[in-house]
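Peer 1: Here you go, this is structure_14.tsv (TSV, C-alpha atoms).
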```tsv
chain	number	residue	atom	x	y	z
A	53	MET	CA	10.24	18.86	-74.80
A	54	ASN	CA	12.74	21.20	-73.16
A	55	LEU	CA	9.91	23.25	-71.80
A	56	HIS	CA	8.86	20.33	-69.62
A	57	MET	CA	12.31	19.42	-68.22
A	58	PRO	CA	12.39	21.94	-65.32
A	59	HIS	CA	9.04	20.67	-64.17
A	60	CYS	CA	10.30	17.06	-64.23
A	61	ARG	CA	13.45	17.97	-62.28
A	62	THR	CA	11.36	19.88	-59.76
A	63	HIS	CA	9.01	16.92	-59.39
A	64	GLN	CA	11.98	14.56	-58.94
A	65	ARG	CA	13.51	16.78	-56.25
A	66	SER	CA	10.13	16.96	-54.50
A	67	THR	CA	9.79	13.18	-54.65
A	68	ASN	CA	13.28	12.67	-53.22
A	69	HIS	CA	12.54	15.14	-50.43
A	70	GLN	CA	9.34	13.28	-49.54
A	71	LYS	CA	11.24	9.98	-49.47
A	72	MET	CA	13.83	11.46	-47.09
A	73	GLU	CA	11.07	12.78	-44.85
A	74	ARG	CA	9.42	9.36	-44.76
A	75	GLN	CA	12.77	7.74	-43.93
A	76	ASN	CA	13.35	10.21	-41.11
A	77	GLN	CA	9.84	9.62	-39.81
A	78	SER	CA	10.24	5.85	-39.96
A	79	SER	CA	13.54	6.05	-38.10
A	80	SER	CA	11.82	7.94	-35.27
A	81	LEU	CA	8.77	5.68	-35.06
A	82	THR	CA	10.45	3.40	-32.54
A	83	CYS	CA	10.80	6.09	-29.90
A	84	GLU	CA	8.86	9.24	-30.66
A	85	ASN	CA	5.62	7.59	-31.70
A	86	LEU	CA	5.70	4.66	-29.25
A	87	PRO	CA	6.88	6.17	-25.95
A	88	SER	CA	4.13	4.67	-23.80
A	89	PHE	CA	4.70	1.20	-25.22
A	90	LEU	CA	8.45	1.33	-24.65
A	91	SER	CA	8.14	2.81	-21.16
A	92	SER	CA	5.52	0.20	-20.26
A	93	PHE	CA	7.76	-2.63	-21.44
A	94	VAL	CA	10.74	-1.34	-19.47
A	95	ASP	CA	8.68	-0.73	-16.32
A	96	THR	CA	7.14	-4.21	-16.50
A	97	PHE	CA	10.64	-5.67	-16.92
A	98	VAL	CA	11.86	-3.78	-13.84
A	99	ASP	CA	8.81	-4.88	-11.81
A	100	PHE	CA	9.40	-8.53	-12.66
A	101	SER	CA	13.10	-8.26	-11.81
A	102	VAL	CA	12.29	-6.76	-8.40
A	103	SER	CA	9.21	-8.73	-7.38
A	104	GLY	CA	9.06	-11.84	-9.56
A	105	LEU	CA	5.51	-10.81	-10.52
A	106	PHE	CA	4.28	-9.94	-14.00
A	107	LEU	CA	2.34	-6.69	-13.63
A	108	PRO	CA	1.63	-5.08	-17.01
A	109	GLN	CA	1.59	-1.31	-16.74
A	110	GLN	CA	-1.87	0.19	-16.60
A	111	GLN	CA	-2.95	3.14	-18.69
A	112	GLN	CA	-2.34	6.43	-16.93
A	113	ILE	CA	-5.60	8.18	-16.06
A	114	PRO	CA	-6.14	11.58	-14.42
A	115	GLN	CA	-6.03	11.46	-10.63
A	116	GLN	CA	-9.42	10.54	-9.23
A	117	PRO	CA	-10.81	11.67	-5.86
A	118	LEU	CA	-10.21	9.11	-3.13
A	119	GLN	CA	-13.31	7.33	-1.85
A	120	THR	CA	-13.60	7.52	1.93
A	121	HIS	CA	-17.10	6.04	2.41
A	122	TYR	CA	-18.22	2.67	1.05
A	123	PRO	CA	-21.57	0.92	1.39
A	124	SER	CA	-21.76	-2.24	3.47
A	125	PRO	CA	-20.75	-5.25	1.35
A	126	ASN	CA	-22.13	-8.75	1.79
A	127	ARG	CA	-18.74	-9.90	3.13
A	128	LEU	CA	-16.03	-7.71	4.63
A	129	VAL	CA	-12.61	-8.96	5.79
A	130	ALA	CA	-10.07	-6.93	7.79
A	131	ILE	CA	-6.38	-7.87	7.98
A	132	GLY	CA	-3.93	-6.37	10.46
A	133	ASP	CA	-0.32	-5.24	10.34
A	134	LEU	CA	1.94	-7.23	7.97
A	135	HIS	CA	5.39	-5.73	8.69
A	136	GLY	CA	7.52	-7.12	5.89
A	137	ASP	CA	6.57	-10.80	6.28
A	138	LEU	CA	5.35	-12.02	2.89
A	139	GLU	CA	4.61	-15.62	3.90
A	140	LYS	CA	2.55	-14.60	6.94
A	141	SER	CA	0.73	-12.08	4.74
A	142	LYS	CA	-0.23	-14.84	2.32
A	143	GLN	CA	-1.30	-17.06	5.21
A	144	ALA	CA	-3.70	-14.37	6.38
A	145	PHE	CA	-5.24	-14.04	2.93
A	146	ARG	CA	-5.54	-17.82	2.58
A	147	LEU	CA	-7.13	-18.03	6.03
A	148	ALA	CA	-9.96	-15.84	4.78
A	149	GLY	CA	-10.32	-17.81	1.53
A	150	LEU	CA	-9.11	-14.85	-0.52
A	151	ILE	CA	-6.28	-16.49	-2.49
A	152	ASP	CA	-5.77	-19.99	-3.87
A	153	GLY	CA	-2.68	-22.21	-3.78
A	154	SER	CA	-1.15	-20.18	-6.61
A	155	ASP	CA	-1.67	-16.91	-4.73
A	156	ARG	CA	-4.40	-15.77	-7.13
A	157	TRP	CA	-7.51	-13.96	-5.93
A	158	CYS	CA	-10.40	-16.35	-5.26
A	159	GLY	CA	-12.36	-14.14	-2.87
A	160	GLY	CA	-15.09	-13.25	-5.35
A	161	SER	CA	-16.96	-10.08	-4.39
A	162	THR	CA	-15.41	-9.82	-0.89
A	163	THR	CA	-14.23	-6.39	0.24
A	164	VAL	CA	-10.89	-6.58	2.08
A	165	VAL	CA	-9.28	-3.87	4.21
A	166	GLN	CA	-5.61	-4.08	5.13
A	167	ILE	CA	-5.10	-1.77	8.09
A	168	GLY	CA	-1.57	-0.51	7.23
A	169	ASP	CA	2.00	-1.11	8.45
A	170	VAL	CA	3.33	-3.12	5.54
A	171	LEU	CA	6.73	-1.50	6.05
A	172	ASP	CA	9.47	-2.11	8.67
A	173	ARG	CA	10.43	-5.02	10.94
A	174	GLY	CA	10.67	-7.48	8.02
A	175	GLY	CA	12.67	-7.93	4.85
A	176	GLU	CA	10.01	-8.36	2.15
A	177	GLU	CA	8.30	-5.00	2.15
A	178	LEU	CA	8.47	-4.40	-1.59
A	179	LYS	CA	7.34	-7.92	-2.38
A	180	ILE	CA	4.25	-7.38	-0.19
A	181	LEU	CA	3.49	-4.06	-1.91
A	182	TYR	CA	3.67	-5.74	-5.31
A	183	PHE	CA	1.62	-8.68	-4.03
A	184	LEU	CA	-1.12	-6.37	-2.75
A	185	GLU	CA	-1.14	-4.46	-6.05
A	186	LYS	CA	-1.57	-7.72	-7.95
A	187	LEU	CA	-4.48	-8.75	-5.72
A	188	LYS	CA	-6.16	-5.36	-6.13
A	189	ARG	CA	-6.26	-5.86	-9.89
A	190	GLU	CA	-7.48	-9.43	-9.64
A	191	ALA	CA	-10.15	-8.59	-7.04
A	192	VAL	CA	-11.70	-5.87	-9.19
A	193	LYS	CA	-12.09	-8.33	-12.08
A	194	SER	CA	-14.13	-10.60	-9.78
A	195	GLY	CA	-16.30	-7.83	-8.39
A	196	GLY	CA	-14.33	-7.58	-5.12
A	197	GLN	CA	-11.90	-5.01	-3.84
A	198	LEU	CA	-8.82	-4.69	-1.67
A	199	ILE	CA	-8.45	-1.37	0.14
A	200	THR	CA	-5.12	-0.58	1.81
A	201	LEU	CA	-4.50	1.99	4.54
A	202	ASN	CA	-1.45	3.93	5.64
A	203	GLY	CA	-0.05	3.05	9.05
A	204	ASN	CA	2.42	4.95	11.17
A	205	HIS	CA	5.31	3.01	9.62
A	206	GLU	CA	4.36	4.16	6.12
A	207	ILE	CA	4.28	7.75	7.37
A	208	MET	CA	7.63	7.33	9.15
A	209	ASN	CA	9.38	5.91	6.11
A	210	ILE	CA	8.07	8.60	3.77
A	211	GLU	CA	9.51	11.14	6.22
A	212	GLY	CA	12.84	9.29	6.24
A	213	ASP	CA	12.52	7.74	9.70
A	214	PHE	CA	14.15	4.32	9.30
A	215	ARG	CA	14.48	3.29	12.95
A	216	TYR	CA	12.73	-0.05	12.40
A	217	VAL	CA	14.18	-1.05	9.04
A	218	THR	CA	16.01	-4.41	8.84
A	219	LYS	CA	19.20	-5.30	7.03
A	220	LYS	CA	17.28	-7.59	4.70
A	221	ALA	CA	14.89	-4.77	3.86
A	222	LEU	CA	17.80	-2.50	2.99
A	223	GLU	CA	19.09	-5.20	0.66
A	224	GLU	CA	15.67	-5.41	-0.99
A	225	PHE	CA	15.76	-1.68	-1.74
A	226	ASP	CA	19.29	-2.04	-3.06
A	227	VAL	CA	17.96	-4.55	-5.57
A	228	TRP	CA	15.14	-2.18	-6.49
A	229	ALA	CA	17.57	0.70	-7.06
A	230	TYR	CA	19.79	-1.50	-9.27
A	231	TRP	CA	16.95	-2.52	-11.59
A	232	TYR	CA	15.30	0.89	-11.53
A	233	ASP	CA	18.58	2.43	-12.69
A	234	ILE	CA	18.87	-0.14	-15.47
A	235	GLY	CA	15.33	0.72	-16.55
A	236	ASN	CA	16.18	4.42	-16.68
A	237	LYS	CA	19.27	3.71	-18.74
A	238	MET	CA	17.20	1.64	-21.18
A	239	LYS	CA	14.75	4.53	-21.56
A	240	SER	CA	17.63	6.99	-22.05
A	241	LEU	CA	18.77	5.09	-25.14
A	242	CYS	CA	15.61	6.20	-26.91
A	243	HIS	CA	15.94	9.86	-27.89
A	244	GLY	CA	12.20	10.23	-28.37
A	245	LEU	CA	11.50	9.64	-24.69
A	246	GLU	CA	11.67	12.23	-21.96
A	247	ILE	CA	14.89	11.94	-19.97
A	248	PRO	CA	14.05	9.89	-16.85
A	249	LYS	CA	14.10	11.73	-13.55
A	250	ASN	CA	17.03	10.82	-11.31
A	251	PRO	CA	15.40	9.48	-8.10
A	252	PHE	CA	18.63	10.14	-6.14
A	253	HIS	CA	18.67	13.86	-6.92
A	254	GLY	CA	19.43	15.91	-3.81
A	255	ILE	CA	20.19	12.92	-1.57
A	256	PRO	CA	23.64	13.16	0.09
A	257	PRO	CA	26.18	10.39	-0.62
A	258	SER	CA	26.67	9.57	3.06
A	259	PHE	CA	25.01	10.11	6.44
A	260	HIS	CA	26.23	10.92	9.93
A	261	ARG	CA	26.46	7.80	12.13
A	262	VAL	CA	25.49	5.51	9.25
A	263	PRO	CA	28.21	2.95	8.40
A	264	GLU	CA	29.51	3.41	4.86
A	265	GLU	CA	28.41	-0.11	3.91
A	266	PHE	CA	24.76	0.94	4.38
A	267	SER	CA	24.96	4.39	2.76
A	268	HIS	CA	23.82	3.27	-0.67
A	269	SER	CA	20.95	1.24	0.80
A	270	ILE	CA	19.76	4.21	2.84
A	271	ARG	CA	19.98	6.43	-0.24
A	272	ALA	CA	17.94	3.89	-2.20
A	273	ARG	CA	15.26	3.75	0.51
A	274	ILE	CA	15.03	7.54	0.70
A	275	ALA	CA	14.83	7.80	-3.11
A	276	ALA	CA	12.06	5.20	-3.30
A	277	LEU	CA	9.91	6.30	-0.36
A	278	ARG	CA	10.27	10.05	0.06
A	279	PRO	CA	7.41	12.29	-1.12
A	280	ASP	CA	7.07	11.87	-4.90
A	281	GLY	CA	9.42	8.85	-4.79
A	282	PRO	CA	8.73	6.09	-7.32
A	283	ILE	CA	7.57	3.57	-4.70
A	284	SER	CA	5.64	5.94	-2.45
A	285	ARG	CA	3.82	7.55	-5.38
A	286	ARG	CA	2.93	4.23	-6.95
A	287	PHE	CA	2.02	2.09	-3.94
A	288	LEU	CA	1.28	4.41	-1.01
A	289	ALA	CA	-0.22	7.62	-2.40
A	290	ASN	CA	-3.60	6.05	-3.10
A	291	ASN	CA	-3.80	4.35	0.28
A	292	LEU	CA	-6.51	5.72	2.53
A	293	THR	CA	-5.72	6.99	6.00
A	294	VAL	CA	-9.30	6.79	7.26
A	295	LEU	CA	-12.05	4.58	5.84
A	296	VAL	CA	-15.75	4.00	6.56
A	297	VAL	CA	-17.34	0.81	5.23
A	298	GLY	CA	-20.98	0.51	6.19
A	299	ASP	CA	-21.10	0.90	9.98
A	300	SER	CA	-17.37	0.19	10.53
A	301	VAL	CA	-14.68	2.86	10.77
A	302	PHE	CA	-11.16	1.75	9.85
A	303	VAL	CA	-8.05	3.61	10.95
A	304	HIS	CA	-4.58	2.41	11.86
A	305	GLY	CA	-4.30	4.09	15.27
A	306	GLY	CA	-7.58	5.76	16.15
A	307	LEU	CA	-9.74	8.83	15.65
A	308	LEU	CA	-10.52	11.72	17.97
A	309	GLU	CA	-13.35	14.20	17.61
A	310	LYS	CA	-10.94	16.82	16.24
A	311	HIS	CA	-10.02	14.50	13.40
A	312	VAL	CA	-13.67	13.98	12.48
A	313	ASP	CA	-14.28	17.73	12.67
A	314	TYR	CA	-11.29	18.35	10.39
A	315	GLY	CA	-12.87	16.03	7.82
A	316	LEU	CA	-12.13	12.39	6.98
A	317	GLN	CA	-12.17	13.07	3.24
A	318	ARG	CA	-9.90	16.06	3.75
A	319	ILE	CA	-7.42	13.90	5.70
A	320	ASN	CA	-7.28	11.32	2.92
A	321	ASP	CA	-6.85	13.93	0.20
A	322	GLU	CA	-4.14	15.83	2.05
A	323	VAL	CA	-2.11	12.72	2.91
A	324	ARG	CA	-2.21	11.70	-0.75
A	325	ASP	CA	-1.08	15.18	-1.82
A	326	TRP	CA	1.77	15.02	0.68
A	327	ILE	CA	2.92	11.60	-0.54
A	328	ASN	CA	2.74	12.85	-4.12
A	329	GLY	CA	5.16	15.61	-3.22
A	330	SER	CA	2.99	18.73	-3.21
A	331	MET	CA	3.02	19.50	0.54
A	332	GLY	CA	6.69	19.46	1.56
A	333	GLN	CA	8.69	16.81	3.39
A	334	ARG	CA	6.89	16.62	6.73
A	335	ALA	CA	3.64	14.72	7.16
A	336	PRO	CA	0.46	16.63	8.07
A	337	GLU	CA	0.16	17.36	11.78
A	338	TYR	CA	-2.66	14.83	12.33
A	339	CYS	CA	-0.21	12.08	11.27
A	340	ARG	CA	2.43	13.05	13.85
A	341	GLY	CA	2.50	12.59	17.63
A	342	ARG	CA	0.82	10.31	20.15
A	343	ASN	CA	-2.69	11.56	19.31
A	344	ALA	CA	-2.28	11.19	15.54
A	345	VAL	CA	-4.65	9.06	13.50
A	346	VAL	CA	-1.85	6.54	12.86
A	347	TRP	CA	-0.33	6.63	16.36
A	348	LEU	CA	-3.26	6.81	18.81
A	349	ARG	CA	-3.58	3.98	21.36
A	350	LYS	CA	-6.47	5.24	23.48
A	351	PHE	CA	-8.73	2.44	22.27
A	352	SER	CA	-6.25	-0.34	21.58
A	353	ASP	CA	-4.42	-0.87	24.87
A	354	GLU	CA	-4.48	-4.53	25.90
A	355	PHE	CA	-5.75	-3.57	29.35
A	356	ALA	CA	-9.38	-2.52	29.30
A	357	LYS	CA	-8.89	0.00	32.10
A	358	ASN	CA	-6.67	1.99	29.75
A	359	CYS	CA	-9.26	2.10	26.94
A	360	ASP	CA	-11.27	5.34	27.00
A	361	CYS	CA	-14.68	3.92	26.15
A	362	SER	CA	-16.63	7.10	26.80
A	363	LEU	CA	-14.38	9.01	24.44
A	364	LEU	CA	-14.76	6.30	21.80
A	365	GLU	CA	-18.55	6.44	22.15
A	366	HIS	CA	-18.47	10.18	21.65
A	367	VAL	CA	-16.23	9.96	18.56
A	368	LEU	CA	-18.37	7.28	16.92
A	369	ALA	CA	-21.46	9.40	17.54
A	370	THR	CA	-19.95	12.12	15.33
A	371	ILE	CA	-19.71	9.74	12.34
A	372	PRO	CA	-23.18	9.00	10.95
A	373	GLY	CA	-24.09	5.33	11.20
A	374	ALA	CA	-20.82	4.24	12.80
A	375	LYS	CA	-21.07	1.36	15.29
A	376	ARG	CA	-17.44	0.38	15.75
A	377	MET	CA	-13.83	1.45	15.15
A	378	ILE	CA	-11.44	-1.18	13.78
A	379	MET	CA	-7.74	-0.57	14.45
A	380	GLY	CA	-4.29	-2.07	14.11
A	381	HIS	CA	-1.04	-0.60	15.48
A	382	THR	CA	-1.07	-2.20	18.95
A	383	ILE	CA	-0.19	-5.90	19.11
A	384	GLN	CA	-2.87	-8.03	20.76
A	385	GLU	CA	-1.09	-11.12	22.09
A	386	ILE	CA	-4.40	-12.85	22.80
A	387	GLY	CA	-5.46	-12.38	19.19
A	388	ILE	CA	-8.14	-10.23	17.59
A	389	ASN	CA	-10.47	-8.94	20.31
A	390	GLY	CA	-13.02	-6.32	21.20
A	391	ALA	CA	-13.19	-3.75	23.97
A	392	CYS	CA	-15.79	-1.17	25.00
A	393	ASP	CA	-18.70	-3.55	24.30
A	394	ASN	CA	-17.07	-4.44	21.00
A	395	ARG	CA	-17.12	-0.84	19.81
A	396	ALA	CA	-13.32	-1.05	19.59
A	397	ILE	CA	-12.03	-3.97	17.53
A	398	ARG	CA	-8.26	-4.51	17.62
A	399	ILE	CA	-6.85	-6.64	14.80
A	400	ASP	CA	-3.04	-6.38	15.01
A	401	VAL	CA	-1.94	-9.86	16.14
A	402	GLY	CA	1.79	-9.24	15.57
A	403	MET	CA	1.89	-11.96	12.90
A	404	SER	CA	5.19	-10.88	11.37
A	405	LYS	CA	8.29	-12.75	12.46
A	406	GLY	CA	9.73	-9.28	13.04
A	407	CYS	CA	7.09	-8.70	15.73
A	408	ILE	CA	5.98	-11.60	17.94
A	409	ASN	CA	5.50	-14.16	15.14
A	410	GLY	CA	1.84	-14.36	16.08
A	411	LEU	CA	-0.58	-16.83	14.55
A	412	PRO	CA	-2.47	-15.21	11.66
A	413	GLU	CA	-6.03	-14.12	12.35
A	414	VAL	CA	-8.46	-12.03	10.33
A	415	LEU	CA	-11.74	-10.33	11.13
A	416	GLU	CA	-14.80	-11.24	9.06
A	417	ILE	CA	-18.02	-9.25	8.96
A	418	TYR	CA	-21.09	-10.54	7.16
A	419	ARG	CA	-23.84	-8.05	6.46
A	420	ASN	CA	-26.53	-10.13	8.14
A	421	SER	CA	-24.67	-12.19	10.71
A	422	GLY	CA	-22.26	-9.94	12.59
A	423	LEU	CA	-18.57	-10.34	13.38
A	424	ARG	CA	-16.36	-13.37	13.78
A	425	VAL	CA	-12.63	-14.11	13.91
A	426	LEU	CA	-10.98	-16.54	11.51
A	427	THR	CA	-7.90	-17.96	13.17
A	428	SER	CA	-5.06	-20.40	12.52
A	429	ASN	CA	-4.76	-20.99	16.27
A	430	PRO	CA	-4.96	-24.79	16.81
A	431	MET	CA	-6.96	-24.23	20.00
A	432	TYR	CA	-9.94	-23.41	17.79
A	433	GLN	CA	-9.35	-25.91	14.97
A	434	ASN	CA	-10.97	-29.17	14.14
A	435	LYS	CA	-8.79	-31.90	12.72
A	436	ASN	CA	-9.81	-31.44	9.10
A	437	GLN	CA	-10.09	-27.67	9.03
A	438	TYR	CA	-7.29	-25.17	8.56
A	439	ALA	CA	-9.30	-22.15	9.66
A	440	GLN	CA	-11.79	-22.13	12.49
A	441	THR	CA	-13.76	-19.38	14.11
A	442	LYS	CA	-13.67	-18.19	17.67
A	443	GLU	CA	-16.95	-18.09	19.55
A	444	GLY	CA	-16.68	-14.34	19.64
A	445	LEU	CA	-14.31	-11.47	20.22
A	446	GLY	CA	-12.32	-11.27	23.41
A	447	LEU	CA	-13.78	-8.58	25.62
A	448	LEU	CA	-11.06	-7.29	27.91
A	449	LYS	CA	-11.85	-7.05	31.60
A	450	PRO	CA	-9.21	-5.50	33.84
A	451	GLU	CA	-9.88	-7.60	36.91
A	452	HIS	CA	-10.07	-10.97	35.18
A	453	GLY	CA	-8.06	-10.53	32.01
A	454	PRO	CA	-9.22	-11.65	28.57
A	455	LYS	CA	-12.53	-13.44	28.33
A	456	GLN	CA	-14.23	-14.92	25.26
A	457	VAL	CA	-17.69	-13.48	24.71
A	458	GLU	CA	-20.27	-14.03	22.05
A	459	VAL	CA	-20.72	-11.28	19.51
A	460	LYS	CA	-24.30	-10.87	18.41
A	461	ALA	CA	-25.26	-9.75	14.92
```
Show me, as structure tokens, the structure contained in the file I just sent.

Peer 2:
Amino acid sequence: MNLHMPHCRTHQRSTNHQKMERQNQSSSLTCENLPSFLSSFVDTFVDFSVSGLFLPQQQQIPQQPLQTHYPSPNRLVAIGDLHGDLEKSKQAFRLAGLIDGSDRWCGGSTTVVQIGDVLDRGGEELKILYFLEKLKREAVKSGGQLITLNGNHEIMNIEGDFRYVTKKALEEFDVWAYWYDIGNKMKSLCHGLEIPKNPFHGIPPSFHRVPEEFSHSIRARIAALRPDGPISRRFLANNLTVLVVGDSVFVHGGLLEKHVDYGLQRINDEVRDWINGSMGQRAPEYCRGRNAVVWLRKFSDEFAKNCDCSLLEHVLATIPGAKRMIMGHTIQEIGINGACDNRAIRIDVGMSKGCINGLPEVLEIYRNSGLRVLTSNPMYQNKNQYAQTKEGLGLLKPEHGPKQVEVKA
């Protein structure tokens, strides 16, 4: 009997030790074994608090190469600059039959291109970014897609150039910073999670010539939008800078031969790397200056005499299969129009109230029936129709001004 006692005591100690280990493991289950679930919950909570939209976090996957070239879809819609005006943005999408009365995607298999310049001049920039992200997810489920581009105002803001920011927009980023900080504090309570990165790290507390009342808002905007910032990485890094869909080339400002020679795919990849924080603070050279891909106006000037049609013809000839270049950036007060025999299509109608409060218009391209403009301009509407089409794109003529011409398939 006594010979077996040490064995029993040893077994009891072993059993107690195992129980303690199980208790310790169970106490750490909440954080150490469920980090992605907890982080996802907190991030979704922050998103809803900022945008009012429920966007469940998607599973993180390794970074995929950006797609620069797409085949021609049955229906292609292009939407111009949005500049912080959420309601006008929704009007443009409704005009093209892309969203229903509840702002849900109803565009089926349509491919949509938004030409850039979501930021600046308006006060609902973040809400538009969240709105576009929601539509991207919904479109994919229906066999469609929404492709967004970077404009010069995205590039400017990532570099910290806030010349065109509004007071309301600063307030929106203040709200984002408040909820983002709360989210980080919630994550910090769980010892099993990695300590959240402080987005304000390295940003000075004040700025020369900036009133103290705006210092925190400016800091919040820098933190969110600088390279590797939470907003720029999430919403802007996967934007394209140049896109080819079928025989249409999309770019915010314009392309020159040197840009094509440099490589359209290379431009997209490098801009993404820069936004993700791996190429310093300054944008690549082809995104800066008057001849940059997001700044060029050689083909978008409202006066035809200032549009370099021979240069455009030469550039398009260097891109296999390209028939036209579709651009934003320069406001067209007469609405969406074409120049250079409709080889240059200009789709920025200044719809934002921060621009000229223009009437929303969108460009529609059907594979087998050419181009047309969908407009909310009452000049082209019938009594019982919200959206009508123009008889063609306006071809600019310097001696006579704008003239409506028919666009053939």

Peer 1: Could you name the residues that touch Ser141 in chain A at 12 Å or less, counting only C-alpha atoms, but leaving out those on the same chain fewer than 6 positions away, as number ranges by chain?

Peer 2: A: 131-135, 147-148, 150-151, 155, 166, 169-170, 174, 176-177, 179-181, 183-184, 401-405, 409-414

Peer 1: Write the residues you've just listed into a file as a PDB file, in the coordinates of the input, and include C-alpha atoms for each of them.

Peer 2:
```
ATOM      1  CA  ILE A 131      -6.380  -7.870   7.980  1.00  0.00           C
ATOM      2  CA  GLY A 132      -3.930  -6.370  10.460  1.00  0.00           C
ATOM      3  CA  ASP A 133      -0.320  -5.240  10.340  1.00  0.00           C
ATOM      4  CA  LEU A 134       1.940  -7.230   7.970  1.00  0.00           C
ATOM      5  CA  HIS A 135       5.390  -5.730   8.690  1.00  0.00           C
ATOM      6  CA  LEU A 147      -7.130 -18.030   6.030  1.00  0.00           C
ATOM      7  CA  ALA A 148      -9.960 -15.840   4.780  1.00  0.00           C
ATOM      8  CA  LEU A 150      -9.110 -14.850  -0.520  1.00  0.00           C
ATOM      9  CA  ILE A 151      -6.280 -16.490  -2.490  1.00  0.00           C
ATOM     10  CA  ASP A 155      -1.670 -16.910  -4.730  1.00  0.00           C
ATOM     11  CA  GLN A 166      -5.610  -4.080   5.130  1.00  0.00           C
ATOM     12  CA  ASP A 169       2.000  -1.110   8.450  1.00  0.00           C
ATOM     13  CA  VAL A 170       3.330  -3.120   5.540  1.00  0.00           C
ATOM     14  CA  GLY A 174      10.670  -7.480   8.020  1.00  0.00           C
ATOM     15  CA  GLU A 176      10.010  -8.360   2.150  1.00  0.00           C
ATOM     16  CA  GLU A 177       8.300  -5.000   2.150  1.00  0.00           C
ATOM     17  CA  LYS A 179       7.340  -7.920  -2.380  1.00  0.00           C
ATOM     18  CA  ILE A 180       4.250  -7.380  -0.190  1.00  0.00           C
ATOM     19  CA  LEU A 181       3.490  -4.060  -1.910  1.00  0.00           C
ATOM     20  CA  PHE A 183       1.620  -8.680  -4.030  1.00  0.00           C
ATOM     21  CA  LEU A 184      -1.120  -6.370  -2.750  1.00  0.00           C
ATOM     22  CA  VAL A 401      -1.940  -9.860  16.140  1.00  0.00           C
ATOM     23  CA  GLY A 402       1.790  -9.240  15.570  1.00  0.00           C
ATOM     24  CA  MET A 403       1.890 -11.960  12.900  1.00  0.00           C
ATOM     25  CA  SER A 404       5.190 -10.880  11.370  1.00  0.00           C
ATOM     26  CA  LYS A 405       8.290 -12.750  12.460  1.00  0.00           C
ATOM     27  CA  ASN A 409       5.500 -14.160  15.140  1.00  0.00           C
ATOM     28  CA  GLY A 410       1.840 -14.360  16.080  1.00  0.00           C
ATOM     29  CA  LEU A 411      -0.580 -16.830  14.550  1.00  0.00           C
ATOM     30  CA  PRO A 412      -2.470 -15.210  11.660  1.00  0.00           C
ATOM     31  CA  GLU A 413      -6.030 -14.120  12.350  1.00  0.00           C
ATOM     32  CA  VAL A 414      -8.460 -12.030  10.330  1.00  0.00           C
TER      33      VAL A 414
END
```

Peer 1: As a list in words, please: the residues near Ala229 in chain A (cut-off 9 Å, only C-alpha atoms, same-chain neighbours under 2 positions excluded).

Peer 2: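 Once the nearby chain positions are removed, what remains is Glu224, Phe225, Asp226, Val227, Trp231, Tyr232, Asp233, Ile234, Ser269, Ala272, Arg273, Ala275 and Ala276 of chain A.
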
Peer 1: How many Å lie between CA of Val303 in chain A and CA of Gly212 in chain A, rounded to one decimal?

Peer 2: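 Answer for the CA of Val303 in chain A to CA of Gly212 in chain A separation: 22.2 Å.
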
Peer 1: Report, in Å with one decimal, the straight-line distance from CA of Arg424 in chain A to CA of Glu309 in chain A.

Peer 2: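 Atom-to-atom, CA of Arg424 in chain A to CA of Glu309 in chain A, that is 28.0 Å.
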
Peer 1: State, in Å with one decimal place, the distance from CA of Gly373 in chain A to CA of Phe355 in chain A.

Peer 2: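 CA of Phe355 in chain A lies 27.3 Å from CA of Gly373 in chain A.
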
Peer 1: Looking at only C-alpha atoms, which of A:Ile386, A:Asn420, A:Gly244, A:Gln116 is the one that sits closest to Ala289 in chain A?

Peer 2: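 Using only C-alpha atoms, Ala289 in chain A sits closest to A:Gln116.
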
Peer 1: So which residues are close to (3.9, -12.2, -10.6), meaning at most 10 Å away in the file's coordinates with only C-alpha atoms counted, and can you show them as a list in words?

Peer 2: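 Using only C-alpha atoms, the matching residues come out as Asp99, Phe100, Ser103, Gly104, Leu105, Phe106, Leu107, Pro108, Asp155, Arg156, Lys179, Tyr182, Phe183 and Lys186 of chain A.
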
Peer 1: Between A:Pro263, A:Gly235, A:Gly298, A:Gly341, which one has atoms that come closest to Thr163 in chain A, using all atoms listed in the file?

Peer 2: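 With all atoms listed in the file as the atom set, the closest residue is A:Gly298.
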
Peer 1: Point out the residue among A:Ile319, A:Lys220, A:Asn209, A:Val312 with the least atom-to-atom distance to Gly281 in chain A, counting all atoms listed in the file.

Peer 2: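 Using all atoms listed in the file, the shortest distance to Gly281 in chain A belongs to A:Asn209.
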
Peer 1: May I ask which of the residues A:Gln119, A:Arg395, A:Glu322, A:Ser154 is the closest one to Ala335 in chain A, counting all atoms listed in the file?

Peer 2: A:Glu322

Peer 1: I'd like the contact shell of Gly160 in chain A - 8 Å cut-off, only C-alpha atoms, skipping same-chain residues fewer than 4 positions apart - returned as a ChimeraX atom specification.

Peer 2: /A:150,191,194-196

Peer 1: From the list A:Lys249, A:His243, A:Arg398, A:His121, which residue is nearest Glu354 in chain A when using only C-alpha atoms?

Peer 2: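 Closest residue, counting only C-alpha atoms: A:Arg398.
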
Peer 1: Can you tell me, as a ChimeraX atom specification, what residues are no more than 7 Å from Asp400 in chain A when counting only C-alpha atoms, ignoring any on the same chain fewer than 3 positions away?

Peer 2: /A:132-133,380-384,388

Peer 1: Calculated over only C-alpha atoms, which of the candidates A:Asp393, A:Glu416, A:Glu264, A:Asp95 has the smallest distance to Pro125 in chain A?

Peer 2: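 Going through A:Asp393, A:Glu416, A:Glu264, A:Asp95 one by one, the smallest distance to Pro125 in chain A is for A:Glu416.
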